[in-house]
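J.: Sharing a structure below in structure tokens format, with a few things to ask.
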Amino acid sequence: MAAKAQPKSDTSLAADNGSDRVSRIREGVTTAILEHRLLPGTKLGEDEIGEIYGASRTLVRTALHQLAHEGIVSIEKNRGAFVARPTPADAREVFEARRLIEPSIVDHAIDAVSPDWLERLQQHLAEEHAAETRGDARASIRLSGEFHRLVAEMSGHSIYAGFLKELIARSSLIILLYRRHDTPACGTSHHAEIVTAIRRQDKPQARELMLSHLTEIEAELFLKEPAADEPRLSDVLGA
């Protein structure tokens with residue numbers, strides 16, 4: 001007879017709750033960055049974030065240090081935490097890294113292609129198109145990043161997928177800082193072409209399309225030091 005599962009102790013429950021709150025803070029900050037609602041250089045006050053999420057300063061500090069490890073947040077001694085402000089050199093390195101790993105990711109995605117995955121990709125394209133049609137810039141930006149993460153998830157390569165998640169968040173900051181205002185952040189037509197190549201299981205074409213797509217995004221950036229206004233955290237994360 002199987003042993004009866006023991007209820008979690010108060011300590012375990014508290015630990016789980018703390019972990020959940022750290023995850024909520026991380027996801028809230030990351031999503032706000034991906035949607036360009038949090039600007040580079042914005043100060044991330046521990047007390048204010050704690051009030052927004054009902055979390056202690058210890059949990060907030062844990063979340064911010066995790067985000068700093070991913071390069072999304074910078075922590076300055078005696079000043080606190082800020083949304084990272086990548087330099088033009090950082091931007092070039094990020095896109096160089098993406099051009100190195102994303103062609104391999106799409107190769108693995110083609111190896112793992114299935115009707116279910118193709119349906120998910122097609123549904124995502126439809127969501128991107130709908131956001132673009134209704135002029136929802138925030139959703140378009142978020143969905144653009146999610147497309148690349150979806151292909152990475154499809155690939156089944158957990159190491160690449162982990163790297164890419166970090167690079168996409170950094171890319172969002174870079175695009176916010178350096179994108180020319182008359183150009184789209186990430187063309188949905190390019191994504192559709194990549195999906196078509198995946199559907200055809202055409203690895204050379206898929207790799208070429210992914211490379212040209214990333215190169216074009218970088219080429220549309222105006223890589224010089226910008227200035228940015230800072231929004232209030234309560235307006236962004238408390239929405």
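Numbering starts fresh at 1 for the residues of each chain in the structure tokens, the chains themselves are lettered A, B, ... in the order given, and ligands are numbered from 1 as they appear.
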Do a neighbour search on Arg149 in chain A at 12 Å with only C-alpha atoms, toss out local chain neighbours closer than 4 positions, and write the hits as a PyMOL selection string.

T.: chain A and resi 98+102+105-106+109+121+124+142-145+153-158+160-169

J.: I need the residues in range 7-237 of chain A that are alpha helix (DSSP H) according to DSSP; give them as a PyMOL selection string.

T.: chain A and resi 10-34+46-53+57-69+88-111+115-133+137-155+158-178+188-199+203-219+233-236

J.: Of the candidates A:Arg92, A:Arg79, A:Leu214, A:Thr188, which one gets nearest to Ala130 in chain A if we count only C-alpha atoms?

T.: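 Nearest candidate to Ala130 in chain A out of A:Arg92, A:Arg79, A:Leu214, A:Thr188: A:Thr188.
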
J.: Just the strand (DSSP E) stuff from range 27-166 of chain A, please, per backbone DSSP, written as an MDAnalysis selection string.

T.: chainID A and resid 43:44 73:76 80:83

J.: Using only C-alpha atoms, which residues sit within 8 Å of Glu46 in chain A once same-chain residues fewer than 6 positions away are excluded, as a list in words?

T.: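 Result of the neighbour search: Arg57, Val60 and Arg61 of chain A.
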
J.: Go ahead and write the residues just picked, N, CA, C and O atoms, as a compact mmCIF listing (two decimals), in the first residue's frame.

T.:
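Full text of again_38.txt as output:
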```txt
# COMPACT_ATOMS: atom_id res chain seq x y z
N ARG A 57 11.14 42.93 1.31
CA ARG A 57 12.32 43.43 0.61
C ARG A 57 13.28 42.30 0.27
O ARG A 57 13.96 42.34 -0.75
N VAL A 60 11.98 40.75 -2.91
CA VAL A 60 12.20 41.68 -4.03
C VAL A 60 13.68 41.67 -4.42
O VAL A 60 14.03 41.61 -5.60
N ARG A 61 14.55 41.72 -3.41
CA ARG A 61 15.99 41.74 -3.67
C ARG A 61 16.41 40.45 -4.39
O ARG A 61 17.24 40.49 -5.31
```

J.: Nearest to Ile194 in chain A among A:Glu218, A:Glu76, A:Asp107, A:Glu127, with distances taken over only C-alpha atoms: which residue is it?

T.: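 Looking at the shortest contact to Ile194 in chain A, the residue is A:Asp107.
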
J.: Which residue gives the smallest distance to Leu38 in chain A among A:Ser104, A:Ser23, A:Gln123, A:Ser234, with only C-alpha atoms counted?

T.: A:Ser234

J.: Counting only C-alpha atoms, which of A:Tyr178, A:Pro88, A:Gln66, A:Arg200 gets nearest to Val113 in chain A?

T.: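 Nearest to Val113 in chain A: A:Arg200.
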
J.: Can you tell me which residues surround Ile72 in chain A at a distance of at most 8 Å, considering only C-alpha atoms, apart from same-chain residues fewer than 5 positions away, and format the answer as an MDAnalysis selection string?

T.: chainID A and resid 30 67 83:84 166 169:170

J.: Generate a file of the selected residues that holds all heavy atoms, formatted as a compact mmCIF listing (two decimals), in the first residue's frame.

T.:
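Contents of the output file result.txt:
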```txt
# COMPACT_ATOMS: atom_id res chain seq x y z
N THR A 30 9.94 41.54 -16.30
CA THR A 30 10.36 41.10 -17.64
C THR A 30 9.30 41.43 -18.68
O THR A 30 9.62 41.92 -19.77
CB THR A 30 10.65 39.59 -17.64
OG1 THR A 30 11.68 39.30 -16.69
CG2 THR A 30 11.12 39.13 -19.03
N LEU A 67 17.35 38.82 -11.94
CA LEU A 67 17.25 39.57 -13.19
C LEU A 67 18.58 40.22 -13.55
O LEU A 67 18.93 40.33 -14.73
CB LEU A 67 16.15 40.63 -13.09
CG LEU A 67 14.72 40.09 -13.00
CD1 LEU A 67 13.74 41.21 -12.67
CD2 LEU A 67 14.31 39.39 -14.29
N VAL A 83 16.58 49.26 -14.37
CA VAL A 83 16.46 48.53 -15.63
C VAL A 83 17.75 48.79 -16.41
O VAL A 83 18.22 49.93 -16.50
CB VAL A 83 15.25 49.01 -16.44
CG1 VAL A 83 15.19 48.28 -17.78
CG2 VAL A 83 13.96 48.78 -15.67
N ALA A 84 18.35 47.73 -16.92
CA ALA A 84 19.64 47.85 -17.60
C ALA A 84 19.56 48.80 -18.79
O ALA A 84 18.51 48.91 -19.44
CB ALA A 84 20.12 46.48 -18.06
N GLU A 166 17.11 35.02 -22.31
CA GLU A 166 17.86 36.17 -21.80
C GLU A 166 18.17 37.16 -22.92
O GLU A 166 18.02 38.38 -22.76
CB GLU A 166 19.16 35.68 -21.15
CG GLU A 166 20.08 36.79 -20.70
CD GLU A 166 21.39 36.26 -20.14
OE1 GLU A 166 21.39 35.16 -19.55
OE2 GLU A 166 22.41 36.95 -20.29
N ALA A 169 15.12 39.31 -23.94
CA ALA A 169 14.85 40.40 -23.00
C ALA A 169 15.84 41.54 -23.21
O ALA A 169 15.47 42.72 -23.21
CB ALA A 169 14.91 39.89 -21.57
N ARG A 170 17.10 41.20 -23.42
CA ARG A 170 18.10 42.24 -23.68
C ARG A 170 17.80 42.93 -25.01
O ARG A 170 17.96 44.16 -25.14
CB ARG A 170 19.50 41.63 -23.70
CG ARG A 170 19.98 41.10 -22.36
CD ARG A 170 21.45 40.77 -22.42
NE ARG A 170 21.92 40.17 -21.18
CZ ARG A 170 23.19 40.17 -20.80
NH1 ARG A 170 24.11 40.72 -21.57
NH2 ARG A 170 23.56 39.61 -19.66
```

J.: What's around Leu173 in chain A at 12 Å? Count only C-alpha atoms, leave out sequence neighbours fewer than 6 positions away in its own chain, and write the answer as a VMD selection string.

T.: chain A and resid 30 to 42 71 to 73 83 to 88 90 to 91 94 141 to 142 145 166 to 167 179 185 221 226 228

J.: Report the distance between CA of Asp235 in chain A and CA of Leu64 in chain A in Å, rounded to one decimal place.

T.: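 Between CA of Asp235 in chain A and CA of Leu64 in chain A the gap is 18.7 Å.
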
J.: When you draw a straight line from CA of Glu208 in chain A to CA of Val151 in chain A, how long is it in Å?

T.: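 According to the coordinates, CA of Glu208 in chain A and CA of Val151 in chain A are separated by 15.2 Å.
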
J.: Fewer than 3 positions away in the same chain doesn't count, so skip those; otherwise give me all residues within 12 Å of Ala192 in chain A, counting only C-alpha atoms, as a list in words.

T.: Leu118, Leu121, Gln122, Gln123, His124, Leu125, Ala126, Glu127, Glu128, His129, Ser144, Phe147, His148, Cys186, Gly187, Thr188, Ser189, Val195, Thr196, Ala197, Ile198, Arg199, Ala206, Leu209, Met210 and His213 of chain A

J.: Output the selection as a short mmCIF file (atom, residue, chain, number, x, y, z; two decimals), in the first residue's frame - C-alpha atoms for each residue.

T.:
```cif
data_model
loop_
_atom_site.label_atom_id
_atom_site.label_comp_id
_atom_site.auth_asym_id
_atom_site.auth_seq_id
_atom_site.Cartn_x
_atom_site.Cartn_y
_atom_site.Cartn_z
CA LEU A 118 2.89 23.83 -36.71
CA LEU A 121 3.18 28.49 -34.74
CA GLN A 122 0.31 29.32 -37.09
CA GLN A 123 -1.88 30.42 -34.20
CA HIS A 124 0.92 32.65 -32.96
CA LEU A 125 1.28 34.24 -36.40
CA ALA A 126 -2.45 34.95 -36.35
CA GLU A 127 -2.11 36.66 -32.94
CA GLU A 128 0.79 38.76 -34.22
CA HIS A 129 -1.18 39.78 -37.29
CA SER A 144 7.50 39.27 -31.62
CA PHE A 147 7.73 33.96 -31.55
CA HIS A 148 11.46 33.42 -31.21
CA CYS A 186 10.28 42.62 -35.81
CA GLY A 187 8.43 41.98 -39.06
CA THR A 188 5.55 39.50 -38.95
CA SER A 189 6.09 38.69 -42.64
CA VAL A 195 7.30 29.13 -40.41
CA THR A 196 6.83 28.21 -44.08
CA ALA A 197 10.44 26.98 -44.24
CA ILE A 198 9.94 24.98 -41.05
CA ARG A 199 6.77 23.46 -42.50
CA ALA A 206 15.07 28.45 -42.57
CA LEU A 209 15.72 33.49 -43.29
CA MET A 210 16.48 33.59 -39.57
CA HIS A 213 15.75 38.56 -40.19
#
```

J.: Choose the residue, out of A:Arg26, A:Gly50, A:Arg120, A:Leu100, that has the smallest atom-to-atom separation from His69 in chain A; count only C-alpha atoms.

T.: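 With only C-alpha atoms as the atom set, the closest residue is A:Arg26.
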
J.: So which one's closest to Ala97 in chain A, A:Leu237, A:Ile52, A:Ala131, A:Leu211? Using only C-alpha atoms, please.

T.: A:Leu211

J.: Just how far from CA of Gln201 in chain A is CA of Glu93 in chain A, in Å to one decimal?

T.: 29.5 Å
